[in-house]
>>> print(open('input.txt').read())   # compact mmCIF, C-alpha atoms
# COMPACT_ATOMS: atom_id res chain seq x y z
CA MET A 24 -23.97 21.84 4.65
CA SER A 25 -21.49 24.52 5.64
CA SER A 26 -18.13 24.35 3.88
CA SER A 27 -14.56 25.44 4.51
CA ALA A 28 -11.42 24.90 2.46
CA PRO A 29 -9.02 22.18 3.75
CA GLN A 30 -6.20 23.54 5.91
CA GLU A 31 -2.66 22.19 6.20
CA THR A 32 -0.13 23.38 8.75
CA GLY A 33 3.37 22.10 9.46
CA HIS A 34 4.02 18.67 7.94
CA ARG A 35 1.81 17.77 5.01
CA LEU A 36 -1.45 16.00 5.73
CA TRP A 37 -2.16 12.85 3.78
CA SER A 38 -5.70 12.29 2.58
CA VAL A 39 -7.52 9.09 3.49
CA ASP A 40 -7.46 8.01 -0.15
CA GLU A 41 -3.72 8.68 -0.52
CA HIS A 42 -2.88 6.65 2.57
CA LEU A 43 -5.06 3.72 1.49
CA ALA A 44 -3.56 3.76 -2.01
CA ASP A 45 -0.07 3.71 -0.48
CA VAL A 46 -0.99 0.73 1.69
CA LEU A 47 -2.59 -1.26 -1.13
CA ALA A 48 0.31 -0.53 -3.49
CA ALA A 49 2.61 -2.44 -1.10
CA ILE A 50 0.31 -5.45 -0.75
CA ARG A 51 0.76 -8.54 -2.91
CA PRO A 52 -1.69 -11.46 -2.78
CA LEU A 53 -0.33 -14.47 -0.94
CA GLU A 54 1.10 -17.33 -3.01
CA PRO A 55 -1.40 -20.13 -3.79
CA ILE A 56 -1.20 -23.46 -1.98
CA GLU A 57 -3.09 -26.77 -2.16
CA LEU A 58 -5.29 -27.33 0.89
CA GLN A 59 -7.67 -29.96 2.20
CA LEU A 60 -11.29 -28.88 1.86
CA LEU A 61 -11.96 -27.87 5.46
CA ASP A 62 -8.62 -26.10 5.69
CA ALA A 63 -9.61 -24.10 2.59
CA GLN A 64 -12.74 -22.62 4.18
CA GLY A 65 -12.64 -18.85 3.90
CA CYS A 66 -9.92 -18.95 1.24
CA VAL A 67 -10.09 -17.70 -2.35
CA LEU A 68 -9.92 -20.10 -5.29
CA VAL A 69 -7.13 -19.40 -7.77
CA GLU A 70 -8.42 -21.65 -10.57
CA ASP A 71 -11.72 -22.65 -12.14
CA VAL A 72 -13.11 -25.96 -10.88
CA THR A 73 -15.04 -28.06 -13.38
CA VAL A 74 -17.39 -30.95 -12.66
CA PRO A 75 -15.77 -34.36 -13.34
CA VAL A 76 -19.00 -36.38 -12.94
CA ALA A 77 -22.66 -35.50 -13.27
CA LEU A 78 -24.68 -34.77 -10.12
CA PRO A 79 -26.58 -36.80 -9.30
CA PRO A 80 -24.56 -39.53 -11.03
CA PHE A 81 -27.65 -41.72 -11.58
CA ASP A 82 -31.45 -41.45 -11.65
CA ASN A 83 -32.62 -41.68 -8.06
CA SER A 84 -35.74 -41.39 -5.93
CA SER A 85 -36.70 -38.13 -4.21
CA MET A 86 -39.18 -39.97 -1.93
CA ASP A 87 -39.55 -43.04 0.23
CA GLY A 88 -42.04 -45.20 -1.66
CA TYR A 89 -42.30 -47.73 -4.47
CA ALA A 90 -40.64 -47.81 -7.88
CA VAL A 91 -43.28 -48.75 -10.46
CA ARG A 92 -44.12 -48.89 -14.13
CA VAL A 93 -46.57 -46.14 -15.17
CA VAL A 94 -48.93 -48.50 -16.96
CA ASP A 95 -49.32 -50.65 -13.83
CA VAL A 96 -50.72 -47.80 -11.72
CA GLN A 97 -52.76 -46.11 -14.43
CA GLY A 98 -56.27 -45.35 -13.09
CA ALA A 99 -55.42 -46.47 -9.55
CA SER A 100 -57.67 -45.05 -6.81
CA GLU A 101 -58.68 -45.57 -3.18
CA GLU A 102 -61.64 -47.65 -4.33
CA PHE A 103 -59.78 -49.56 -7.01
CA PRO A 104 -56.09 -49.72 -6.00
CA ALA A 105 -53.44 -51.24 -8.22
CA VAL A 106 -52.14 -54.41 -6.54
CA LEU A 107 -48.46 -55.02 -7.30
CA THR A 108 -46.01 -57.72 -6.28
CA VAL A 109 -43.05 -56.39 -4.28
CA VAL A 110 -39.87 -57.84 -5.76
CA GLY A 111 -37.32 -56.35 -3.40
CA ASP A 112 -35.86 -53.35 -1.60
CA VAL A 113 -33.68 -50.62 -3.08
CA ALA A 114 -31.80 -48.64 -0.45
CA ALA A 115 -29.38 -45.74 -0.92
CA GLY A 116 -26.03 -47.23 -1.86
CA SER A 117 -27.55 -50.39 -3.31
CA GLY A 118 -25.37 -52.21 -5.81
CA GLU A 119 -27.37 -54.98 -7.52
CA LEU A 120 -30.86 -53.79 -8.31
CA PRO A 121 -34.04 -55.85 -8.82
CA THR A 122 -35.72 -55.49 -12.19
CA VAL A 123 -39.30 -54.20 -12.03
CA GLY A 124 -41.45 -56.12 -14.51
CA PRO A 125 -45.16 -56.02 -15.37
CA GLY A 126 -47.36 -55.98 -12.23
CA GLU A 127 -44.33 -55.52 -9.98
CA ALA A 128 -42.90 -52.82 -7.70
CA ALA A 129 -39.75 -52.35 -5.61
CA ARG A 130 -39.62 -50.60 -2.27
CA ILE A 131 -37.28 -47.63 -2.69
CA MET A 132 -35.73 -45.16 -0.29
CA THR A 133 -34.87 -41.50 -0.84
CA GLY A 134 -31.62 -41.18 -2.78
CA ALA A 135 -31.65 -44.80 -3.94
CA PRO A 136 -31.05 -45.52 -7.65
CA LEU A 137 -34.12 -46.12 -9.80
CA PRO A 138 -34.14 -49.88 -10.61
CA PRO A 139 -34.31 -51.20 -14.18
CA GLY A 140 -37.84 -51.32 -15.62
CA ALA A 141 -39.23 -48.69 -13.21
CA GLU A 142 -40.46 -45.40 -14.67
CA ALA A 143 -41.72 -43.51 -11.63
CA VAL A 144 -41.88 -43.52 -7.84
CA VAL A 145 -45.12 -43.44 -5.87
CA PRO A 146 -44.70 -42.06 -2.32
CA VAL A 147 -45.45 -44.53 0.46
CA GLU A 148 -48.34 -42.25 1.53
CA TRP A 149 -50.09 -43.14 -1.77
CA THR A 150 -50.05 -46.82 -0.80
CA ASP A 151 -50.99 -49.17 2.01
CA GLY A 152 -47.30 -49.74 2.74
CA GLY A 153 -47.73 -53.43 1.96
CA THR A 154 -49.79 -54.03 5.09
CA GLY A 155 -53.13 -54.70 3.39
CA GLY A 156 -54.73 -51.79 5.30
CA GLY A 157 -55.46 -48.16 4.52
CA ALA A 158 -53.07 -45.38 3.51
CA ALA A 159 -49.65 -45.79 5.09
CA SER A 160 -47.83 -43.04 6.94
CA GLY A 161 -44.42 -44.66 6.62
CA MET A 162 -42.45 -47.70 5.59
CA THR A 163 -42.32 -50.97 7.47
CA PRO A 164 -38.77 -51.15 8.90
CA ALA A 165 -36.31 -53.03 6.70
CA SER A 166 -35.72 -55.52 9.52
CA ALA A 167 -39.39 -56.57 9.29
CA ALA A 168 -39.51 -56.90 5.48
CA PRO A 169 -40.42 -58.70 3.34
CA GLU A 170 -42.63 -60.57 5.82
CA GLY A 171 -44.14 -57.34 7.13
CA ALA A 172 -44.85 -56.17 3.59
CA ALA A 173 -46.80 -59.36 2.76
CA GLY A 174 -45.26 -59.44 -0.73
CA GLU A 175 -47.86 -57.07 -2.17
CA VAL A 176 -48.56 -53.37 -2.14
CA ARG A 177 -51.76 -51.53 -2.98
CA VAL A 178 -51.26 -48.26 -4.82
CA HIS A 179 -54.09 -45.70 -4.47
CA ARG A 180 -53.00 -43.09 -7.01
CA ALA A 181 -51.63 -43.02 -10.54
CA ALA A 182 -48.18 -41.60 -11.32
CA GLU A 183 -46.80 -39.91 -14.40
CA ALA A 184 -43.51 -40.93 -15.97
CA ARG A 185 -40.47 -39.65 -14.00
CA ALA A 186 -42.66 -38.67 -11.05
CA HIS A 187 -40.49 -38.22 -7.90
CA VAL A 188 -37.36 -39.16 -9.84
CA ARG A 189 -34.25 -36.95 -9.72
CA SER A 190 -32.63 -37.30 -13.12
CA ARG A 191 -28.95 -37.94 -13.63
CA GLY A 192 -27.15 -34.61 -14.11
CA SER A 193 -30.15 -32.53 -13.03
CA ASP A 194 -27.89 -30.64 -10.58
CA VAL A 195 -24.75 -30.26 -12.70
CA GLN A 196 -23.43 -31.99 -15.79
CA ALA A 197 -19.93 -33.33 -16.26
CA GLY A 198 -17.77 -30.55 -17.69
CA ASP A 199 -19.86 -27.74 -16.19
CA LEU A 200 -18.09 -24.94 -14.30
CA ALA A 201 -18.57 -25.72 -10.63
CA LEU A 202 -16.79 -22.71 -9.10
CA ALA A 203 -14.92 -19.87 -10.76
CA ALA A 204 -11.50 -18.58 -9.75
CA GLY A 205 -11.92 -15.78 -7.22
CA THR A 206 -14.70 -17.54 -5.31
CA VAL A 207 -14.48 -17.38 -1.51
CA LEU A 208 -15.05 -20.87 -0.15
CA GLY A 209 -17.89 -20.97 2.36
CA PRO A 210 -19.88 -24.01 3.55
CA PRO A 211 -22.02 -24.36 0.37
CA GLN A 212 -18.93 -24.19 -1.85
CA ILE A 213 -17.11 -26.73 0.33
CA ALA A 214 -20.16 -29.00 0.02
CA LEU A 215 -20.13 -28.74 -3.78
CA LEU A 216 -16.43 -29.52 -3.97
CA ALA A 217 -16.93 -32.59 -1.80
CA ALA A 218 -19.96 -33.68 -3.86
CA ILE A 219 -17.93 -33.66 -7.08
CA GLY A 220 -15.14 -35.63 -5.43
CA ARG A 221 -12.53 -32.94 -4.82
CA GLY A 222 -10.46 -33.70 -1.71
CA THR A 223 -8.12 -30.73 -2.09
CA VAL A 224 -8.29 -27.38 -3.84
CA ARG A 225 -5.79 -24.71 -4.88
CA VAL A 226 -6.36 -21.43 -3.04
CA ARG A 227 -4.69 -18.36 -1.65
CA PRO A 228 -4.41 -19.03 2.11
CA ARG A 229 -6.07 -16.87 4.71
CA PRO A 230 -3.62 -14.16 5.79
CA ARG A 231 -2.02 -14.52 9.21
CA VAL A 232 -2.47 -11.23 11.07
CA VAL A 233 -0.64 -10.51 14.34
CA VAL A 234 -2.22 -7.83 16.54
CA LEU A 235 -0.27 -6.03 19.29
CA SER A 236 -1.50 -3.27 21.56
CA THR A 237 0.97 -1.04 23.35
CA GLY A 238 0.75 0.75 26.66
CA SER A 239 2.00 0.14 30.21
CA GLU A 240 -1.45 1.14 31.44
CA LEU A 241 -3.15 -1.84 29.79
CA VAL A 242 -4.42 -4.78 31.84
CA GLN A 243 -5.86 -7.98 30.36
CA PRO A 244 -9.59 -8.63 30.91
CA GLY A 245 -10.15 -10.86 33.92
CA GLU A 246 -7.32 -9.31 35.90
CA ALA A 247 -7.72 -6.69 38.63
CA LEU A 248 -7.37 -3.02 37.73
CA ALA A 249 -4.81 -1.01 39.65
CA ALA A 250 -4.76 2.79 39.91
CA GLY A 251 -4.22 4.40 36.51
CA THR A 252 -4.82 1.23 34.49
CA ILE A 253 -7.48 0.26 31.97
CA TYR A 254 -8.47 -2.96 30.25
CA ASP A 255 -6.94 -3.76 26.88
CA SER A 256 -9.90 -3.73 24.49
CA ASN A 257 -8.09 -2.76 21.27
CA SER A 258 -6.25 -6.03 20.72
CA PHE A 259 -9.50 -7.96 21.15
CA ALA A 260 -11.41 -5.65 18.82
CA LEU A 261 -8.77 -5.74 16.10
CA ALA A 262 -8.17 -9.50 16.30
CA ALA A 263 -11.92 -10.05 15.99
CA ALA A 264 -12.09 -7.59 13.10
CA ALA A 265 -9.23 -9.38 11.36
CA ARG A 266 -11.08 -12.68 11.65
CA ASP A 267 -14.22 -11.04 10.34
CA ALA A 268 -12.23 -9.81 7.33
CA GLY A 269 -11.14 -13.39 6.56
CA ALA A 270 -7.78 -13.62 8.31
CA ILE A 271 -6.29 -15.96 10.87
CA ALA A 272 -5.66 -13.62 13.79
CA TYR A 273 -3.06 -13.92 16.55
CA ARG A 274 -3.59 -11.57 19.49
CA VAL A 275 -0.35 -10.85 21.31
CA GLY A 276 -1.93 -8.50 23.82
CA ALA A 277 -0.39 -5.48 25.51
CA VAL A 278 3.31 -4.62 25.25
CA ALA A 279 4.74 -2.19 27.81
CA ASP A 280 5.94 1.28 26.81
CA ASP A 281 9.50 0.22 26.11
CA ALA A 282 10.96 0.48 22.60
CA ASP A 283 13.41 -2.41 22.99
CA THR A 284 10.69 -4.73 24.32
CA LEU A 285 8.40 -3.79 21.46
CA ARG A 286 11.13 -4.33 18.84
CA SER A 287 11.94 -7.72 20.32
CA THR A 288 8.26 -8.72 20.42
CA ILE A 289 7.76 -7.75 16.79
CA GLU A 290 10.86 -9.67 15.71
CA ASP A 291 9.54 -12.75 17.51
CA GLN A 292 6.15 -12.45 15.77
CA LEU A 293 7.47 -12.03 12.21
CA ILE A 294 7.75 -15.79 11.70
CA ARG A 295 3.97 -16.21 11.82
CA ALA A 296 2.81 -12.93 10.29
CA ASP A 297 1.71 -12.01 6.79
CA LEU A 298 0.61 -8.67 8.26
CA LEU A 299 1.34 -6.94 11.57
CA VAL A 300 -1.02 -4.47 13.25
CA THR A 301 -0.09 -2.36 16.25
CA THR A 302 -2.35 0.00 18.15
CA GLY A 303 -1.14 2.91 20.25
CA GLY A 304 2.15 4.76 20.44
CA VAL A 305 2.06 6.56 17.09
CA SER A 306 1.44 10.16 18.16
CA VAL A 307 3.98 12.73 19.41
CA GLY A 308 4.14 11.99 23.13
CA ALA A 309 7.25 11.04 25.09
CA TYR A 310 6.00 7.47 25.48
CA ASP A 311 4.85 6.80 21.92
CA VAL A 312 7.04 3.72 21.64
CA VAL A 313 5.82 2.37 18.30
CA LYS A 314 7.18 5.45 16.62
CA GLU A 315 10.41 5.25 18.63
CA ALA A 316 10.88 1.53 18.03
CA LEU A 317 10.11 1.46 14.33
CA SER A 318 11.23 4.81 12.93
CA SER A 319 14.67 3.30 12.20
CA VAL A 320 13.32 -0.16 11.44
CA GLY A 321 15.06 -0.33 8.07
CA GLN A 322 18.39 -0.56 9.86
CA SER A 323 17.47 -2.50 12.99
CA VAL A 324 14.77 -5.11 12.42
CA GLY A 325 15.49 -8.48 10.83
CA GLN A 326 18.48 -10.80 10.46
CA SER A 327 19.51 -13.30 7.84
CA GLU A 328 19.96 -16.99 8.65
CA ASP A 329 23.66 -16.43 9.37
CA GLY A 330 22.83 -13.69 11.88
CA GLU A 331 23.80 -10.67 9.80
CA ASP A 332 21.59 -7.60 9.68
CA VAL A 333 19.49 -7.29 6.54
CA ASP A 334 17.38 -4.55 5.05
CA GLY A 335 14.31 -4.45 7.27
CA GLY A 336 12.11 -2.32 5.05
CA ARG A 337 10.88 1.14 5.96
CA MET A 338 8.31 2.76 8.23
CA ASP A 339 6.59 6.06 7.64
CA PHE A 340 4.64 7.88 10.33
CA ARG A 341 2.24 10.47 9.00
CA LYS A 342 -0.78 12.59 9.79
CA LEU A 343 -4.01 12.10 7.90
CA ALA A 344 -6.72 14.62 7.19
CA MET A 345 -9.31 12.55 9.04
CA GLN A 346 -11.10 12.30 12.37
CA PRO A 347 -10.78 10.05 14.27
CA GLY A 348 -7.45 8.46 13.34
CA LYS A 349 -5.16 11.35 12.43
CA PRO A 350 -1.81 9.69 13.38
CA GLN A 351 -0.99 6.60 11.29
CA GLY A 352 2.08 4.53 10.56
CA PHE A 353 2.73 2.21 7.65
CA GLY A 354 5.68 0.33 6.24
CA THR A 355 7.35 -3.03 5.87
CA ILE A 356 9.62 -4.75 8.35
CA GLY A 357 11.88 -7.77 8.60
CA PRO A 358 13.74 -9.76 5.95
CA ASP A 359 10.51 -10.60 4.12
CA HIS A 360 9.31 -6.98 4.18
CA THR A 361 6.17 -7.89 6.09
CA PRO A 362 3.58 -5.08 5.97
CA LEU A 363 2.92 -3.32 9.28
CA LEU A 364 0.12 -0.88 9.96
CA ALA A 365 0.50 1.19 13.13
CA LEU A 366 -2.87 2.50 14.31
CA PRO A 367 -3.73 5.08 16.99
CA GLY A 368 -4.50 3.89 20.50
CA ASN A 369 -7.90 5.44 21.16
CA PRO A 370 -10.47 2.65 20.74
CA VAL A 371 -12.69 4.30 18.13
CA SER A 372 -9.70 5.73 16.23
CA SER A 373 -8.17 2.26 16.19
CA TYR A 374 -11.32 0.54 14.95
CA VAL A 375 -12.15 3.13 12.29
CA SER A 376 -8.54 2.97 11.07
CA PHE A 377 -8.78 -0.81 10.86
CA GLU A 378 -11.94 -0.64 8.75
CA LEU A 379 -10.47 1.95 6.39
CA PHE A 380 -6.94 0.60 5.97
CA VAL A 381 -6.26 -2.80 7.56
CA ARG A 382 -9.36 -4.62 6.33
CA PRO A 383 -8.64 -3.67 2.68
CA ALA A 384 -5.04 -4.85 3.15
CA ILE A 385 -6.24 -8.22 4.46
CA ARG A 386 -8.70 -8.60 1.59
CA ALA A 387 -5.98 -7.71 -0.92
CA LEU A 388 -3.66 -10.34 0.60
CA MET A 389 -6.46 -12.87 0.08
CA GLY A 390 -6.48 -12.05 -3.62
CA LEU A 391 -10.05 -10.76 -3.69
CA PRO A 392 -11.14 -8.56 -6.60
CA GLU A 393 -11.02 -4.80 -6.04
CA SER A 394 -14.82 -4.66 -5.71
CA GLU A 395 -14.61 -6.83 -2.57
CA VAL A 396 -11.60 -5.21 -0.93
CA ARG A 397 -13.43 -2.29 0.69
CA ARG A 398 -16.61 -2.18 2.72
CA PRO A 399 -19.69 -1.35 0.64
CA SER A 400 -21.12 2.15 0.94
CA VAL A 401 -24.55 3.64 0.26
CA ARG A 402 -26.17 7.06 0.27
CA ALA A 403 -28.54 7.85 3.14
CA VAL A 404 -30.36 10.85 4.58
CA LEU A 405 -29.21 12.11 7.97
CA LYS A 406 -31.87 11.70 10.64
CA ALA A 407 -30.89 13.77 13.67
CA ASP A 408 -32.25 16.32 16.14
CA LYS A 409 -29.62 18.91 15.30
CA ALA A 410 -26.80 19.66 12.90
CA LEU A 411 -23.57 17.68 13.22
CA GLY A 412 -20.30 19.59 13.41
CA SER A 413 -17.12 18.52 11.65
CA PRO A 414 -13.60 20.01 11.72
CA ALA A 415 -12.48 21.92 8.64
CA GLY A 416 -10.06 20.05 6.44
CA ARG A 417 -10.77 16.65 8.01
CA ARG A 418 -12.82 13.79 6.64
CA GLN A 419 -14.89 12.77 9.63
CA PHE A 420 -16.24 9.28 10.27
CA LEU A 421 -19.15 9.27 12.71
CA ARG A 422 -20.76 6.14 14.10
CA GLY A 423 -24.25 5.58 12.76
CA LYS A 424 -27.29 3.34 12.68
CA TYR A 425 -28.48 2.72 9.13
CA ASP A 426 -32.10 2.00 8.24
CA ALA A 427 -32.21 0.44 4.78
CA GLU A 428 -36.02 0.53 4.59
CA SER A 429 -36.27 4.29 5.09
CA GLY A 430 -32.88 5.12 3.57
CA THR A 431 -31.84 7.08 6.65
CA VAL A 432 -28.91 7.05 9.04
CA SER A 433 -28.86 8.26 12.64
CA PRO A 434 -25.83 9.18 14.77
CA VAL A 435 -24.88 6.86 17.62
CA GLY A 436 -23.01 8.45 20.52
CA GLY A 437 -20.70 11.45 20.29
CA SER A 438 -17.65 12.12 18.17
CA GLY A 439 -15.06 11.38 20.90
CA SER A 440 -12.42 8.82 19.90
CA HIS A 441 -12.64 7.11 23.31
CA LEU A 442 -16.41 6.43 23.24
CA ILE A 443 -16.30 2.69 22.69
CA ALA A 444 -19.76 1.95 24.11
CA ALA A 445 -21.45 3.71 21.20
CA LEU A 446 -19.35 1.74 18.74
CA ALA A 447 -20.95 -1.51 19.93
CA HIS A 448 -24.35 -0.21 18.82
CA ALA A 449 -23.30 1.22 15.45
CA ASP A 450 -23.57 -0.65 12.16
CA SER A 451 -22.15 2.02 9.87
CA LEU A 452 -19.88 5.02 9.55
CA MET A 453 -21.26 8.35 8.34
CA VAL A 454 -18.72 10.14 6.14
CA VAL A 455 -18.48 13.93 6.35
CA PRO A 456 -16.24 15.35 3.58
CA GLU A 457 -13.15 17.44 4.32
CA ASP A 458 -14.71 20.70 3.10
CA VAL A 459 -17.87 20.41 5.23
CA THR A 460 -18.07 21.81 8.76
CA SER A 461 -21.78 21.36 9.51
CA VAL A 462 -24.28 18.74 8.36
CA GLU A 463 -27.95 19.61 8.73
CA PRO A 464 -30.67 16.97 9.31
CA GLY A 465 -32.01 15.79 5.95
CA THR A 466 -28.59 15.99 4.27
CA ASP A 467 -27.62 13.15 1.92
CA LEU A 468 -24.44 11.41 3.18
CA GLU A 469 -22.13 8.61 2.19
CA VAL A 470 -22.52 5.74 4.66
CA VAL A 471 -19.98 2.90 5.00
CA LEU A 472 -21.76 -0.31 6.01
CA LEU A 473 -19.93 -2.31 8.68
CA GLY A 474 -22.21 -5.36 8.89
>>> encode(input="input.txt", output="structure tokens")
Amino acid sequence: MSSSAPQETGHRLWSVDEHLADVLAAIRPLEPIELQLLDAQGCVLVEDVTVPVALPPFDNSSMDGYAVRVVDVQGASEEFPAVLTVVGDVAAGSGELPTVGPGEAARIMTGAPLPPGAEAVVPVEWTDGGTGGGAASGMTPASAAPEGAAGEVRVHRAAEARAHVRSRGSDVQAGDLALAAGTVLGPPQIALLAAIGRGTVRVRPRPRVVVLSTGSELVQPGEALAAGTIYDSNSFALAAAARDAGAIAYRVGAVADDADTLRSTIEDQLIRADLLVTTGGVSVGAYDVVKEALSSVGQSVGQSEDGEDVDGGRMDFRKLAMQPGKPQGFGTIGPDHTPLLALPGNPVSSYVSFELFVRPAIRALMGLPESEVRRPSVRAVLKADKALGSPAGRRQFLRGKYDAESGTVSPVGGSGSHLIAALAHADSLMVVPEDVTSVEPGTDLEVVLLG
């Protein structure tokens, strides 16, 4: 690697770590609420959940077959089957159960409770199915029993005690810890909560994230492009990224380059936002309306219920020692001091900025532990045809393809902040430190995993 000392000119440059720390310092986890199970999917538990009843709550069969006493099938074989009298059926959900006595058996279905007197279950394939013929491949339908079962069953194999029986509490015991506080509720966790009888659960809700892109040149996908216009991809990318991070995302779409329109749009969106994300309009151009609209946001955004102006928070627009994504804005707006992150408008700059700053903010709002707030990173060896250049004094994030098996990472596309096609094929970001200007093939790099 070639190195050069970081340079700062004009206004001070913030480091990536300083900016992220500033963002996270302003984030407070959302207040817990009680939600129905399916509404709680993707949310974080705020309390330990213990098991009120054992699972399974009773001994039950793991097979379709016959509930028997061990002694009655001892020594049974194809040549000398044990012939037992069928005393009834036991289906899943059965209430009153037949008692299995000497020389008797009960037909039993998977999940059905083991009847009194029975010690084991023999699968139906070990029997003649009550037909008087050879080995059965399945049960006679319940609608045809007991006539179709002929009142007897021939068992061709012996069974040990508790064979094919799922014991009460073999999954979890009453009083066990089912799920610990801090658990993110996915489908398996929702299933466990339902299985132990929990209809609701106390969680931190998924953050509501409103995404706005700015620019009079932006056209929505599906519409015709006029001269000088492009499709709005940023709002789609960031809304999808917010969902991927665990949020509920609302995509507002493109707002024209007019400060008053932008201010009005943001005010309208505050009611449904735990976090606002804008993209575009944060640089130094004449039409960078996010900066224009929000620089004085502390005095102009937000009203109390009686219509009087209230403190609307503060916005700070700064330059970061990074590439892509140098211009950034962050602050709080509105009467509830809702966090707002203003990202650059170039597609790659916008997405990289989201991964580095917005995603951690969303995860912090969810109440996740610090270890799960940021994307995981690994070390990998650069696999490339030539050295990669990097600007002095900037931490560069290059799109990469990571190969876990070989421990290598390869560049995808160029370094331009507008090259969105390459981003679709990348699964990682290669990190080049601020004091490095050239990275030779074979160099060990930090790699941020995006998948």
>>> closest_residue(input="input.txt", among="A:Ala218, A:Ala44, A:Leu68, A:Val145", to="Val91 of chain A", atoms="only C-alpha atoms")
A:Val145
>>> atom_distance(input="input.txt", atom1="atom CA of Glu54 of chain A", atom2="atom CA of Val226 of chain A")
8.5 Å
>>> atom_distance(input="input.txt", atom1="atom CA of Asp71 of chain A", atom2="atom CA of Leu208 of chain A")
12.6 Å
>>> closest_residue(input="input.txt", among="A:Met86, A:Val188, A:Ala48, A:Leu61", to="Gly161 of chain A", atoms="only C-alpha atoms")
A:Met86
>>> atom_distance(input="input.txt", atom1="atom CA of Val454 of chain A", atom2="atom CA of Pro434 of chain A")
11.2 Å
>>> closest_residue(input="input.txt", among="A:Arg418, A:Arg35, A:Arg386, A:Lys406", to="Met345 of chain A", atoms="only C-alpha atoms")
A:Arg418
>>> closest_atom_pairs(input="input.txt", of="segment 252-272 of chain A", to="segment 358-378 of chain A", cutoff="10 Å", atoms="all atoms listed in the file", output="JSON lines")
{"residue": "A:Asp255", "atom": "CA", "partner": "A:Pro370", "partner_atom": "CA", "distance": 9.6}
{"residue": "A:Ser256", "atom": "CA", "partner": "A:Pro370", "partner_atom": "CA", "distance": 7.4}
{"residue": "A:Asn257", "atom": "CA", "partner": "A:Pro370", "partner_atom": "CA", "distance": 5.9}
{"residue": "A:Ser258", "atom": "CA", "partner": "A:Ser373", "partner_atom": "CA", "distance": 9.6}
{"residue": "A:Ala260", "atom": "CA", "partner": "A:Tyr374", "partner_atom": "CA", "distance": 7.3}
{"residue": "A:Leu261", "atom": "CA", "partner": "A:Tyr374", "partner_atom": "CA", "distance": 6.9}
{"residue": "A:Ala264", "atom": "CA", "partner": "A:Phe377", "partner_atom": "CA", "distance": 7.9}
{"residue": "A:Ala265", "atom": "CA", "partner": "A:Phe377", "partner_atom": "CA", "distance": 8.6}
{"residue": "A:Ala268", "atom": "CA", "partner": "A:Glu378", "partner_atom": "CA", "distance": 9.3}
>>> residues_around(input="input.txt", residues="segment 125-128 of chain A", least_positions_apart="5", cutoff="9 Å", atoms="only C-alpha atoms", output="VMD selection string")
chain A and resid 89 to 92 94 to 96 105 to 111 140 to 141 175 to 176
>>> residues_near_point(input="input.txt", point="(-36.7, -50.3, -5.4)", cutoff="8 Å", atoms="only C-alpha atoms", output="list in words")
Tyr89, Ala90, Gly111, Asp112, Val113, Ala114, Leu120, Pro121, Ala128, Ala129, Arg130, Ile131, Met132, Ala135, Pro136, Leu137 and Pro138 of chain A
>>> residues_around(input="input.txt", residues="segment 271-278 of chain A", least_positions_apart="3", cutoff="10 Å", atoms="only C-alpha atoms", output="number ranges by chain")
A: 65, 228-243, 254-268, 281-282, 284-285, 288-289, 292, 295-303, 312
>>> closest_residue(input="input.txt", among="A:Gln97, A:Thr133, A:Ser117, A:Gln64", to="Thr206 of chain A", atoms="only C-alpha atoms")
A:Gln64
>>> axis_aligned_box(input="input.txt", around="segment 374-377 of chain A", padding_each_side="4 Å", output="JSON")
{"center_x": -10.3, "center_y": 1.2, "center_z": 12.9, "size_x": 11.6, "size_y": 11.9, "size_z": 12.1}
>>> decode(input="input.txt", residues="segment 247-255 of chain A", atoms="N, CA and C atoms", output="mmCIF file, in the first residue's frame")
data_model
loop_
_atom_site.group_PDB
_atom_site.id
_atom_site.type_symbol
_atom_site.label_atom_id
_atom_site.label_comp_id
_atom_site.auth_asym_id
_atom_site.auth_seq_id
_atom_site.Cartn_x
_atom_site.Cartn_y
_atom_site.Cartn_z
ATOM 1 N N ALA A 247 -42.730 8.170 -19.143
ATOM 2 C CA ALA A 247 -41.838 8.461 -20.267
ATOM 3 C C ALA A 247 -40.780 9.476 -19.850
ATOM 4 N N LEU A 248 -39.566 9.283 -20.338
ATOM 5 C CA LEU A 248 -38.482 10.220 -20.084
ATOM 6 C C LEU A 248 -38.524 11.365 -21.087
ATOM 7 N N ALA A 249 -38.428 12.577 -20.581
ATOM 8 C CA ALA A 249 -38.287 13.744 -21.444
ATOM 9 C C ALA A 249 -36.810 14.134 -21.492
ATOM 10 N N ALA A 250 -36.477 15.089 -22.341
ATOM 11 C CA ALA A 250 -35.080 15.523 -22.453
ATOM 12 C C ALA A 250 -34.580 16.024 -21.102
ATOM 13 N N GLY A 251 -33.398 15.549 -20.703
ATOM 14 C CA GLY A 251 -32.777 16.009 -19.468
ATOM 15 C C GLY A 251 -33.295 15.371 -18.202
ATOM 16 N N THR A 252 -34.119 14.328 -18.331
ATOM 17 C CA THR A 252 -34.663 13.668 -17.138
ATOM 18 C C THR A 252 -34.095 12.258 -16.994
ATOM 19 N N ILE A 253 -34.146 11.764 -15.780
ATOM 20 C CA ILE A 253 -33.715 10.393 -15.476
ATOM 21 C C ILE A 253 -34.728 9.761 -14.537
ATOM 22 N N TYR A 254 -34.683 8.440 -14.453
ATOM 23 C CA TYR A 254 -35.599 7.749 -13.542
ATOM 24 C C TYR A 254 -35.112 7.853 -12.098
ATOM 25 N N ASP A 255 -36.066 7.966 -11.203
ATOM 26 C CA ASP A 255 -35.775 8.028 -9.768
ATOM 27 C C ASP A 255 -35.508 6.611 -9.255
#
